[in-house]
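Visitor: Input file: work.cif. Contents: mmCIF, C-alpha atoms and all ligand atoms.
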```cif
data_input
loop_
_atom_site.group_PDB
_atom_site.id
_atom_site.type_symbol
_atom_site.label_atom_id
_atom_site.label_comp_id
_atom_site.auth_asym_id
_atom_site.auth_seq_id
_atom_site.Cartn_x
_atom_site.Cartn_y
_atom_site.Cartn_z
ATOM 1 C CA MET A 1 -12.767 -5.026 -0.197
ATOM 2 C CA ILE A 2 -11.134 -2.007 -1.862
ATOM 3 C CA GLU A 3 -12.468 -0.672 -5.160
ATOM 4 C CA CYS A 4 -11.015 2.464 -6.745
ATOM 5 C CA GLU A 5 -12.128 3.595 -10.146
ATOM 6 C CA GLY A 6 -11.026 6.752 -11.872
ATOM 7 C CA LEU A 7 -9.764 8.036 -8.534
ATOM 8 C CA VAL A 8 -8.527 11.625 -8.675
ATOM 9 C CA LYS A 9 -6.723 13.672 -6.040
ATOM 10 C CA ILE A 10 -5.784 17.263 -6.698
ATOM 11 C CA PHE A 11 -3.802 19.306 -4.197
ATOM 12 C CA LYS A 12 -4.546 22.997 -4.579
ATOM 13 C CA SER A 13 -2.584 25.814 -3.089
ATOM 14 C CA GLU A 14 -2.605 29.499 -3.982
ATOM 15 C CA GLU A 15 0.118 29.203 -6.603
ATOM 16 C CA ILE A 16 -0.120 25.634 -7.884
ATOM 17 C CA GLU A 17 -2.336 22.683 -8.492
ATOM 18 C CA VAL A 18 -0.855 19.186 -8.298
ATOM 19 C CA VAL A 19 -2.771 16.248 -9.740
ATOM 20 C CA ALA A 20 -1.382 13.475 -7.530
ATOM 21 C CA LEU A 21 -3.818 10.767 -8.707
ATOM 22 C CA GLN A 22 -5.240 11.088 -12.159
ATOM 23 C CA GLY A 23 -7.913 8.442 -12.557
ATOM 24 C CA LEU A 24 -6.420 5.503 -10.715
ATOM 25 C CA ASN A 25 -8.004 2.045 -10.727
ATOM 26 C CA LEU A 26 -7.278 -0.523 -8.054
ATOM 27 C CA SER A 27 -9.079 -3.494 -6.663
ATOM 28 C CA VAL A 28 -8.027 -5.434 -3.563
ATOM 29 C CA LYS A 29 -9.815 -8.567 -2.383
ATOM 30 C CA GLN A 30 -10.736 -9.435 1.187
ATOM 31 C CA GLY A 31 -7.829 -11.316 2.748
ATOM 32 C CA GLU A 32 -5.314 -10.343 0.075
ATOM 33 C CA MET A 33 -1.758 -9.278 0.912
ATOM 34 C CA MET A 34 -0.375 -7.032 -1.810
ATOM 35 C CA ALA A 35 2.137 -4.275 -2.388
ATOM 36 C CA ILE A 36 2.086 -0.969 -4.225
ATOM 37 C CA ILE A 37 5.384 0.210 -5.670
ATOM 38 C CA GLY A 38 6.336 3.392 -7.480
ATOM 39 C CA ASN A 39 8.943 6.095 -7.628
ATOM 40 C CA SER A 40 8.967 9.042 -5.288
ATOM 41 C CA GLY A 41 6.118 11.369 -6.152
ATOM 42 C CA SER A 42 4.106 8.760 -8.063
ATOM 43 C CA GLY A 43 1.160 9.083 -5.679
ATOM 44 C CA LYS A 44 1.582 6.066 -3.360
ATOM 45 C CA SER A 45 1.183 7.921 -0.068
ATOM 46 C CA THR A 46 -1.658 10.002 -1.468
ATOM 47 C CA LEU A 47 -3.517 6.795 -2.304
ATOM 48 C CA LEU A 48 -2.800 5.259 1.089
ATOM 49 C CA ASN A 49 -3.902 8.401 2.925
ATOM 50 C CA ILE A 50 -7.193 8.370 1.028
ATOM 51 C CA LEU A 51 -7.744 4.679 1.780
ATOM 52 C CA GLY A 52 -6.893 5.350 5.422
ATOM 53 C CA GLY A 53 -9.434 8.172 5.651
ATOM 54 C CA LEU A 54 -6.700 10.722 6.398
ATOM 55 C CA ASP A 55 -7.318 12.643 3.210
ATOM 56 C CA ARG A 56 -10.355 13.207 1.015
ATOM 57 C CA PRO A 57 -10.459 12.182 -2.647
ATOM 58 C CA SER A 58 -11.269 14.920 -5.212
ATOM 59 C CA ALA A 59 -13.279 12.824 -7.678
ATOM 60 C CA GLY A 60 -13.862 9.299 -8.981
ATOM 61 C CA PHE A 61 -15.011 6.290 -7.040
ATOM 62 C CA VAL A 62 -13.465 4.696 -3.967
ATOM 63 C CA LYS A 63 -15.173 2.155 -1.805
ATOM 64 C CA VAL A 64 -13.656 0.279 1.145
ATOM 65 C CA GLY A 65 -15.912 -2.434 2.533
ATOM 66 C CA ASP A 66 -19.321 -0.793 2.794
ATOM 67 C CA TRP A 67 -17.961 2.744 2.929
ATOM 68 C CA ASP A 68 -18.011 5.100 -0.031
ATOM 69 C CA LEU A 69 -15.111 7.402 0.807
ATOM 70 C CA LEU A 70 -16.316 10.168 -1.492
ATOM 71 C CA LYS A 71 -19.644 10.425 0.257
ATOM 72 C CA ILE A 72 -18.714 9.524 3.831
ATOM 73 C CA SER A 73 -19.520 12.197 6.457
ATOM 74 C CA ASP A 74 -16.892 13.527 8.874
ATOM 75 C CA GLU A 75 -18.599 11.681 11.703
ATOM 76 C CA GLN A 76 -18.634 8.377 9.824
ATOM 77 C CA LEU A 77 -14.989 8.916 8.916
ATOM 78 C CA VAL A 78 -14.029 8.854 12.608
ATOM 79 C CA ASP A 79 -15.812 5.505 12.964
ATOM 80 C CA TYR A 80 -14.171 4.251 9.752
ATOM 81 C CA LYS A 81 -10.673 5.151 10.982
ATOM 82 C CA ARG A 82 -11.262 3.500 14.348
ATOM 83 C CA ASN A 83 -12.839 0.283 13.175
ATOM 84 C CA THR A 84 -12.253 -0.486 9.514
ATOM 85 C CA VAL A 85 -8.634 0.425 8.811
ATOM 86 C CA GLY A 86 -5.370 0.050 10.674
ATOM 87 C CA PHE A 87 -2.282 2.074 9.736
ATOM 88 C CA VAL A 88 1.448 1.425 10.093
ATOM 89 C CA TRP A 89 3.926 4.162 9.159
ATOM 90 C CA GLN A 90 7.640 4.140 8.568
ATOM 91 C CA ASN A 91 8.006 6.628 11.374
ATOM 92 C CA ASN A 92 6.162 4.784 14.099
ATOM 93 C CA ALA A 93 6.320 7.688 16.588
ATOM 94 C CA ARG A 94 2.983 8.664 15.089
ATOM 95 C CA ASN A 95 1.119 5.770 16.668
ATOM 96 C CA LEU A 96 3.086 5.238 19.876
ATOM 97 C CA LEU A 97 2.956 6.781 23.331
ATOM 98 C CA PRO A 98 6.509 6.631 24.779
ATOM 99 C CA TYR A 99 5.545 6.906 28.461
ATOM 100 C CA LEU A 100 3.195 3.890 28.333
ATOM 101 C CA SER A 101 4.108 0.195 28.235
ATOM 102 C CA ALA A 102 3.776 -1.886 25.054
ATOM 103 C CA LEU A 103 0.582 -3.451 26.422
ATOM 104 C CA GLU A 104 -0.940 -0.093 27.400
ATOM 105 C CA ASN A 105 -0.147 1.206 23.930
ATOM 106 C CA VAL A 106 -2.027 -1.693 22.323
ATOM 107 C CA GLU A 107 -4.974 -1.156 24.689
ATOM 108 C CA MET A 108 -5.169 2.573 23.959
ATOM 109 C CA PRO A 109 -7.146 2.328 20.674
ATOM 110 C CA MET A 110 -9.394 -0.233 22.373
ATOM 111 C CA MET A 111 -10.109 2.308 25.115
ATOM 112 C CA LEU A 112 -11.140 4.886 22.548
ATOM 113 C CA THR A 113 -13.821 2.543 21.267
ATOM 114 C CA GLY A 114 -14.755 1.377 24.779
ATOM 115 C CA LYS A 115 -13.869 -2.258 24.093
ATOM 116 C CA VAL A 116 -10.722 -3.204 25.999
ATOM 117 C CA ASP A 117 -9.841 -6.838 25.375
ATOM 118 C CA ARG A 118 -6.653 -7.584 27.335
ATOM 119 C CA GLN A 119 -6.451 -11.167 26.195
ATOM 120 C CA TYR A 120 -6.446 -10.090 22.561
ATOM 121 C CA ALA A 121 -3.913 -7.317 23.256
ATOM 122 C CA VAL A 122 -1.577 -9.897 24.814
ATOM 123 C CA GLN A 123 -2.224 -12.247 21.884
ATOM 124 C CA LEU A 124 -1.252 -9.521 19.411
ATOM 125 C CA LEU A 125 1.972 -8.841 21.298
ATOM 126 C CA GLU A 126 2.701 -12.564 21.302
ATOM 127 C CA TRP A 127 2.186 -12.702 17.527
ATOM 128 C CA VAL A 128 4.687 -9.878 17.033
ATOM 129 C CA GLY A 129 7.131 -11.707 19.335
ATOM 130 C CA LEU A 130 7.007 -9.272 22.242
ATOM 131 C CA LYS A 131 4.999 -11.069 24.902
ATOM 132 C CA ASP A 132 7.999 -11.048 27.237
ATOM 133 C CA ARG A 133 8.457 -7.323 26.777
ATOM 134 C CA MET A 134 4.832 -6.227 27.090
ATOM 135 C CA HIS A 135 5.344 -4.395 30.378
ATOM 136 C CA ASN A 136 8.361 -2.475 29.098
ATOM 137 C CA LYS A 137 7.901 1.202 28.377
ATOM 138 C CA LEU A 138 8.260 2.092 24.728
ATOM 139 C CA HIS A 139 11.553 3.920 25.218
ATOM 140 C CA GLN A 140 13.053 0.691 26.573
ATOM 141 C CA LEU A 141 12.456 -1.022 23.224
ATOM 142 C CA SER A 142 14.580 -0.853 20.075
ATOM 143 C CA GLY A 143 13.339 0.820 16.870
ATOM 144 C CA GLY A 144 12.487 -2.551 15.299
ATOM 145 C CA GLU A 145 10.640 -3.673 18.442
ATOM 146 C CA GLN A 146 8.697 -0.413 18.509
ATOM 147 C CA GLN A 147 7.707 -1.024 14.905
ATOM 148 C CA ARG A 148 6.366 -4.434 15.935
ATOM 149 C CA VAL A 149 4.351 -2.792 18.740
ATOM 150 C CA ALA A 150 3.005 -0.373 16.109
ATOM 151 C CA ILE A 151 1.763 -3.366 14.079
ATOM 152 C CA ALA A 152 0.016 -4.789 17.172
ATOM 153 C CA ILE A 153 -1.580 -1.363 17.821
ATOM 154 C CA SER A 154 -2.796 -1.074 14.244
ATOM 155 C CA LEU A 155 -4.675 -4.362 14.658
ATOM 156 C CA ALA A 156 -6.085 -3.627 18.134
ATOM 157 C CA ASN A 157 -9.574 -2.807 16.908
ATOM 158 C CA ARG A 158 -9.685 -5.763 14.539
ATOM 159 C CA PRO A 159 -9.658 -3.735 11.306
ATOM 160 C CA LYS A 160 -10.524 -5.428 8.033
ATOM 161 C CA ILE A 161 -7.639 -3.718 6.249
ATOM 162 C CA LEU A 162 -4.119 -2.913 7.300
ATOM 163 C CA LEU A 163 -2.370 -0.132 5.388
ATOM 164 C CA ALA A 164 1.398 0.059 5.748
ATOM 165 C CA ASP A 165 3.417 2.960 4.353
ATOM 166 C CA GLU A 166 7.092 1.925 3.989
ATOM 167 C CA PRO A 167 6.777 -0.233 7.140
ATOM 168 C CA THR A 168 10.367 -1.453 6.880
ATOM 169 C CA GLY A 169 11.843 1.847 5.737
ATOM 170 C CA SER A 170 13.963 2.465 8.800
ATOM 171 C CA VAL A 171 14.900 -1.031 9.967
ATOM 172 C CA ASP A 172 17.696 -3.464 8.977
ATOM 173 C CA THR A 173 17.188 -6.413 6.605
ATOM 174 C CA GLN A 174 16.746 -8.954 9.380
ATOM 175 C CA THR A 175 14.039 -6.874 11.093
ATOM 176 C CA SER A 176 12.474 -6.182 7.721
ATOM 177 C CA ASP A 177 12.163 -9.954 7.098
ATOM 178 C CA LEU A 178 10.717 -10.414 10.578
ATOM 179 C CA ILE A 179 8.124 -7.692 9.959
ATOM 180 C CA MET A 180 7.110 -9.220 6.624
ATOM 181 C CA ASN A 181 6.690 -12.610 8.322
ATOM 182 C CA ILE A 182 4.508 -10.966 10.976
ATOM 183 C CA PHE A 183 2.341 -9.394 8.262
ATOM 184 C CA ARG A 184 1.992 -12.772 6.557
ATOM 185 C CA HIS A 185 1.047 -14.398 9.862
ATOM 186 C CA MET A 186 -1.542 -11.697 10.694
ATOM 187 C CA ASN A 187 -2.935 -11.993 7.187
ATOM 188 C CA LYS A 188 -3.429 -15.763 7.583
ATOM 189 C CA GLU A 189 -4.517 -15.705 11.235
ATOM 190 C CA LEU A 190 -6.975 -12.784 11.079
ATOM 191 C CA GLY A 191 -7.882 -12.724 7.394
ATOM 192 C CA VAL A 192 -7.043 -9.010 7.364
ATOM 193 C CA SER A 193 -6.283 -7.540 3.921
ATOM 194 C CA ILE A 194 -2.836 -5.947 3.858
ATOM 195 C CA VAL A 195 -1.698 -3.204 1.486
ATOM 196 C CA ILE A 196 1.992 -2.317 1.729
ATOM 197 C CA VAL A 197 3.436 0.750 0.026
ATOM 198 C CA THR A 198 7.132 0.461 -0.644
ATOM 199 C CA HIS A 199 9.887 1.182 -3.085
ATOM 200 C CA ASP A 200 11.818 -1.849 -1.885
ATOM 201 C CA LEU A 201 11.512 -4.478 -4.615
ATOM 202 C CA THR A 202 12.876 -7.224 -2.364
ATOM 203 C CA LEU A 203 10.019 -6.633 0.004
ATOM 204 C CA ALA A 204 7.495 -6.409 -2.806
ATOM 205 C CA GLY A 205 8.715 -9.823 -3.988
ATOM 206 C CA LYS A 206 7.355 -11.355 -0.793
ATOM 207 C CA VAL A 207 3.695 -10.709 -1.541
ATOM 208 C CA ASP A 208 1.409 -12.369 -4.075
ATOM 209 C CA ARG A 209 0.589 -9.310 -6.149
ATOM 210 C CA VAL A 210 2.381 -6.050 -6.770
ATOM 211 C CA VAL A 211 0.825 -3.060 -8.483
ATOM 212 C CA ALA A 212 3.063 -0.335 -9.851
ATOM 213 C CA ILE A 213 1.915 3.274 -9.819
ATOM 214 C CA ARG A 214 3.318 5.711 -12.326
ATOM 215 C CA ASP A 215 2.262 9.358 -12.494
ATOM 216 C CA GLY A 216 -0.811 8.775 -10.351
ATOM 217 C CA LEU A 217 -2.064 5.814 -12.393
ATOM 218 C CA THR A 218 -1.747 2.073 -11.858
ATOM 219 C CA SER A 219 0.438 0.998 -14.759
ATOM 220 C CA THR A 220 1.769 -2.520 -14.268
ATOM 221 C CA GLU A 221 0.663 -5.490 -12.252
ATOM 222 C CA PHE A 222 2.990 -8.286 -11.153
ATOM 223 C CA ILE A 223 1.397 -11.551 -10.095
ATOM 224 C CA LYS A 224 3.328 -14.348 -8.444
ATOM 225 C CA ARG A 225 3.822 -17.239 -10.864
ATOM 226 C CA ASN A 226 3.732 -19.842 -8.153
ATOM 227 C CA PRO A 227 2.653 -18.951 -4.633
ATOM 228 C CA ASN A 228 4.885 -21.748 -3.329
ATOM 229 C CA LEU A 229 7.796 -19.545 -4.316
ATOM 230 C CA ASP A 230 7.215 -17.913 -0.960
ATOM 231 C CA LEU A 231 9.634 -20.498 0.241
ATOM 232 C CA ALA A 232 12.196 -19.353 -2.276
ATOM 233 C CA ALA A 233 11.526 -15.797 -1.203
ATOM 234 C CA ASN A 234 12.477 -16.688 2.329
ATOM 235 C CA HIS A 235 15.541 -18.616 1.302
ATOM 236 C CA GLY A 236 17.850 -16.561 -0.744
ATOM 237 C CA PHE A 237 15.556 -14.426 -2.906
ATOM 238 C CA ASP A 238 17.352 -11.360 -1.847
ATOM 239 C CA HIS A 239 19.063 -8.156 -2.826
ATOM 240 C CA GLY A 240 19.536 -7.423 -6.454
ATOM 241 C CA SER A 241 16.740 -9.808 -7.369
ATOM 242 C CA ASP A 242 14.271 -8.511 -9.818
ATOM 243 C CA LEU A 243 10.518 -8.645 -9.353
ATOM 244 C CA HIS A 244 10.308 -10.353 -12.741
ATOM 245 C CA GLU A 245 12.067 -13.446 -11.380
ATOM 246 C CA VAL A 246 9.085 -14.534 -9.319
ATOM 247 C CA HIS A 247 6.276 -12.434 -10.749
ATOM 248 C CA GLU A 248 4.628 -12.282 -14.129
ATOM 249 C CA ALA A 249 4.258 -8.668 -15.277
ATOM 250 C CA TYR A 250 1.039 -7.393 -16.800
ATOM 251 C CA VAL A 251 0.122 -3.959 -18.070
ATOM 252 C CA VAL A 252 -3.075 -2.697 -16.453
ATOM 253 C CA VAL A 253 -5.961 -2.137 -18.860
ATOM 254 C CA ASP A 254 -8.885 -0.219 -17.390
ATOM 255 C CA ARG A 255 -12.594 -0.752 -17.961
ATOM 256 C CA VAL A 256 -12.707 1.463 -21.038
ATOM 257 C CA GLY A 257 -9.561 -0.033 -22.552
ATOM 258 C CA ARG A 258 -6.943 2.530 -21.532
ATOM 259 C CA LEU A 259 -3.417 1.458 -20.686
ATOM 260 C CA GLN A 260 -0.248 3.347 -19.879
ATOM 261 C CA VAL A 261 2.751 2.981 -22.197
ATOM 262 C CA PRO A 262 6.052 3.503 -20.331
ATOM 263 C CA LYS A 263 7.648 6.881 -21.078
ATOM 264 C CA GLU A 264 10.940 5.272 -22.119
ATOM 265 C CA TYR A 265 9.180 3.256 -24.841
ATOM 266 C CA LEU A 266 7.451 6.364 -26.175
ATOM 267 C CA HIS A 267 10.699 8.275 -26.020
ATOM 268 C CA ALA A 268 12.611 5.561 -27.892
ATOM 269 C CA LEU A 269 10.137 5.762 -30.768
ATOM 270 C CA SER A 270 9.753 9.565 -30.565
ATOM 271 C CA ILE A 271 6.042 9.187 -29.944
ATOM 272 C CA VAL A 272 4.708 12.443 -28.523
ATOM 273 C CA ASP A 273 0.968 12.960 -28.732
ATOM 274 C CA LYS A 274 -0.249 10.295 -31.118
ATOM 275 C CA ALA A 275 0.756 6.875 -32.414
ATOM 276 C CA SER A 276 -0.344 4.348 -34.996
ATOM 277 C CA MET A 277 -1.857 1.108 -33.795
ATOM 278 C CA GLU A 278 -2.368 -2.072 -35.778
ATOM 279 C CA PHE A 279 -3.815 -5.444 -34.981
ATOM 280 C CA ASP A 280 -2.355 -8.365 -36.931
ATOM 281 C CA GLY A 281 -4.737 -10.985 -35.626
ATOM 282 C CA GLU A 282 -2.427 -11.897 -32.743
ATOM 283 C CA LYS A 283 -0.658 -8.776 -31.629
ATOM 284 C CA ILE A 284 -1.438 -5.121 -31.177
ATOM 285 C CA ILE A 285 1.454 -3.106 -32.580
ATOM 286 C CA ILE A 286 2.039 0.496 -31.571
ATOM 287 C CA THR A 287 4.413 2.526 -33.726
ATOM 288 C CA ALA A 288 5.294 6.179 -34.320
ATOM 289 C CA PRO A 289 2.547 7.833 -36.396
ATOM 290 C CA LYS A 290 2.688 6.706 -39.986
ATOM 291 C CA SER A 291 3.005 9.674 -42.299
ATOM 292 C CA LEU A 292 -0.202 10.455 -44.193
ATOM 293 C CA GLU A 293 1.779 11.490 -47.270
ATOM 294 C CA GLY A 294 3.650 8.145 -47.319
HETATM 295 N N1 LIG B 301 -0.287 18.110 0.677
HETATM 296 C C1 LIG B 301 0.168 18.239 -0.560
HETATM 297 N N2 LIG B 301 0.121 19.425 -1.218
HETATM 298 C C2 LIG B 301 0.567 19.551 -2.472
HETATM 299 N N3 LIG B 301 1.102 18.552 -3.192
HETATM 300 C C3 LIG B 301 1.190 17.352 -2.610
HETATM 301 C C4 LIG B 301 0.742 17.121 -1.251
HETATM 302 N N4 LIG B 301 0.964 15.814 -0.949
HETATM 303 C C5 LIG B 301 1.537 15.252 -2.048
HETATM 304 N N5 LIG B 301 1.665 16.153 -3.041
HETATM 305 C C6 LIG B 301 2.206 15.910 -4.401
HETATM 306 O O1 LIG B 301 1.513 14.845 -4.977
HETATM 307 C C7 LIG B 301 2.398 13.997 -5.709
HETATM 308 C C8 LIG B 301 2.328 12.568 -5.152
HETATM 309 O O2 LIG B 301 2.906 12.564 -3.833
HETATM 310 P P1 LIG B 301 2.958 11.274 -2.892
HETATM 311 O O3 LIG B 301 3.499 11.703 -1.582
HETATM 312 O O4 LIG B 301 1.650 10.588 -2.911
HETATM 313 O O5 LIG B 301 4.030 10.386 -3.656
HETATM 314 P P2 LIG B 301 4.761 9.057 -3.174
HETATM 315 O O6 LIG B 301 4.692 8.122 -4.328
HETATM 316 O O7 LIG B 301 4.190 8.586 -1.896
HETATM 317 O O8 LIG B 301 6.238 9.554 -2.952
HETATM 318 P P3 LIG B 301 7.304 9.129 -1.826
HETATM 319 O O9 LIG B 301 7.727 7.720 -2.161
HETATM 320 O O10 LIG B 301 8.403 10.111 -2.034
HETATM 321 O O11 LIG B 301 6.627 9.249 -0.511
HETATM 322 C C9 LIG B 301 3.768 14.635 -5.623
HETATM 323 O O12 LIG B 301 3.957 15.421 -6.769
HETATM 324 C C10 LIG B 301 3.661 15.487 -4.384
HETATM 325 O O13 LIG B 301 4.529 16.613 -4.489
#
```
Translate this structure into structure tokens?

Guide:
Amino acid sequence: MIECEGLVKIFKSEEIEVVALQGLNLSVKQGEMMAIIGNSGSGKSTLLNILGGLDRPSAGFVKVGDWDLLKISDEQLVDYKRNTVGFVWQNNARNLLPYLSALENVEMPMMLTGKVDRQYAVQLLEWVGLKDRMHNKLHQLSGGEQQRVAIAISLANRPKILLADEPTGSVDTQTSDLIMNIFRHMNKELGVSIVIVTHDLTLAGKVDRVVAIRDGLTSTEFIKRNPNLDLAANHGFDHGSDLHEVHEAYVVVDRVGRLQVPKEYLHALSIVDKASMEFDGEKIIITAPKSLEG
């Protein structure tokens, strides 16, 4: 569904050039629900904005469904944004119209594509638990309820992928759990792929696969050991828990064999620009460069 290879994004201004993504690889399957984690500035939002068609990649390869996002025309991009991807932001004011009711808000994107389907709009609001409130104006709803309307809106045009940037960033733990359950339900019910960007490890623990981004590259991949642990996630897997408790961690190796060694490891061994590497038949051992004079 999503294929990124060697994806590069450079932001240029008069004084500086920032390489936000420096050859990132990522693959997401149809129907998968996964999370992307990373520190502030690691490139998460940049990646999501490219996948959402809000920003153009600089180089590399990125395909979503049938669309090649490097080659897509401006006209096709409008179609892509309306029909292929849905977006949920932390600050939901971006997709909501305060003077309209919840139902009218969900029908708005449908109107833009000329395909209003009231029954489906009501169904979406039922799935997010707001059927009883559908005729309320947005300002009559709480922040958490508005976020749930935003999820219904993002799915109005039946996108194949839902992109969520810190979707639970400004709600309490209870609402955050509710929102994650809604995502899971939508994922199962509609088969929509869901990519959640977050720096909340508790939240990341509730999906099957987590990919960590470091310095604009995918560095580590965590895969759930036992999907049935979902149950555990809902009952007590909570604050302070570490992703490692339910996920197996893997370092990402790209097609040509590159992998990213964590900075702290390199620092601990005073490895700066080169290292020695040995293979003992079972393990690959990386050490500080062995002196040639030795
Ligand atoms: N429009 C822009 N112009 C210049 N630099 C940018 C722009 N957008 C992002 N950057 C830079 O690109 C890098 C990646 O930023 P990005 O917002 O993708 O990180 P992030 O992982 O989403 O961080 P956060 O969790 O804080 O949102 C940062 O160094 C950031 O300063």

Visitor: Can you tell me which residues sit at most 10 Å away from ligand LIG 301 (chain B), counting all atoms listed in the file, written as a VMD selection string?

Guide: chain A and resid 9 to 13 16 to 21 36 to 50 55 165 to 166 197 to 199 213 to 216

Visitor: Convert the output of the PyMOL selection byres (((chain A and resi 249) around 6) and not hetatm) on the shown file into explicit residues, formatted as a ChimeraX atom specification.

Guide: /A:221-222,248,250

Visitor: In terms of the shortest atom-to-atom distance over all atoms listed in the file, which of A:Asp273, A:Phe279, A:Ala268, A:Ala212 is closest to Val252 of chain A?

Guide: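 The closest residue to Val252 of chain A is A:Ala212.
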
Visitor: When distances are computed from all atoms listed in the file, which of A:Asp79, A:Glu278, A:Asp66, A:Glu5 shows the smallest separation from Gly53 of chain A?

Guide: A:Asp79

Visitor: If you apply the PyMOL selection byres (((chain A and resi 117-132) around 9) and not hetatm) to this file, what residues do you get, as number ranges by chain?

Guide: A: 102-104, 106-107, 110, 115-116, 133-136, 145, 148-149, 151-153, 155-156, 178-179, 182, 185-186

Visitor: Taking the file above as input, evaluate the PyMOL selection byres (((chain A and resi 159) around 6) and not hetatm) and report the hits as a compact mmCIF listing (two decimals) with C-alpha atoms, in the coordinates of the input.

Guide:
```
# COMPACT_ATOMS: atom_id res chain seq x y z
CA ASN A 83 -12.84 0.28 13.18
CA THR A 84 -12.25 -0.49 9.51
CA VAL A 85 -8.63 0.42 8.81
CA GLY A 86 -5.37 0.05 10.67
CA ASN A 157 -9.57 -2.81 16.91
CA ARG A 158 -9.68 -5.76 14.54
CA LYS A 160 -10.52 -5.43 8.03
CA ILE A 161 -7.64 -3.72 6.25
```

Visitor: Atom CA of Tyr99 of chain A and atom CA of Gly114 of chain A are how many Å apart?

Guide: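 About the pair atom CA of Tyr99 of chain A and atom CA of Gly114 of chain A: they are 21.4 Å apart.
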
Visitor: Rank nothing, just name the residue among A:Val195, A:Ala204, A:Leu141, A:Leu190 nearest to Leu51 of chain A, using only C-alpha atoms.

Guide: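 Checking each candidate against Leu51 of chain A, we get A:Val195 as the closest.
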
Visitor: Report, in Å with one decimal, the straight-line distance from atom CA of Asn25 of chain A to atom CA of Cys4 of chain A.

Guide: 5.0 Å

Visitor: Figure out the distance between atom CA of Ala275 of chain A and atom CA of Lys263 of chain A, please, to one decimal in Å.

Guide: 13.3 Å

Visitor: Counting only C-alpha atoms, figure out which residue out of A:Val171, A:Val64, A:Ala164, A:Leu96 gets nearest to Lys137 of chain A.

Guide: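 The closest residue to Lys137 of chain A is A:Leu96.
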
Visitor: Any idea what's packed within 7 Å of Arg209 of chain A, counting all atoms listed in the file, ignoring anything in its chain fewer than 5 positions away? Could you give it as an NGL selection string?

Guide: :A and (34-35 or 222-224)

Visitor: Counting all atoms listed in the file, find residues at most 6 Å from (9.2, -4.9, 6.5) (file frame) and give them as a list in words.

Guide: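 Returned residue set, sorted by chain then number, is Pro167, Thr168, Ser176, Asp177, Ile179 and Met180 of chain A.
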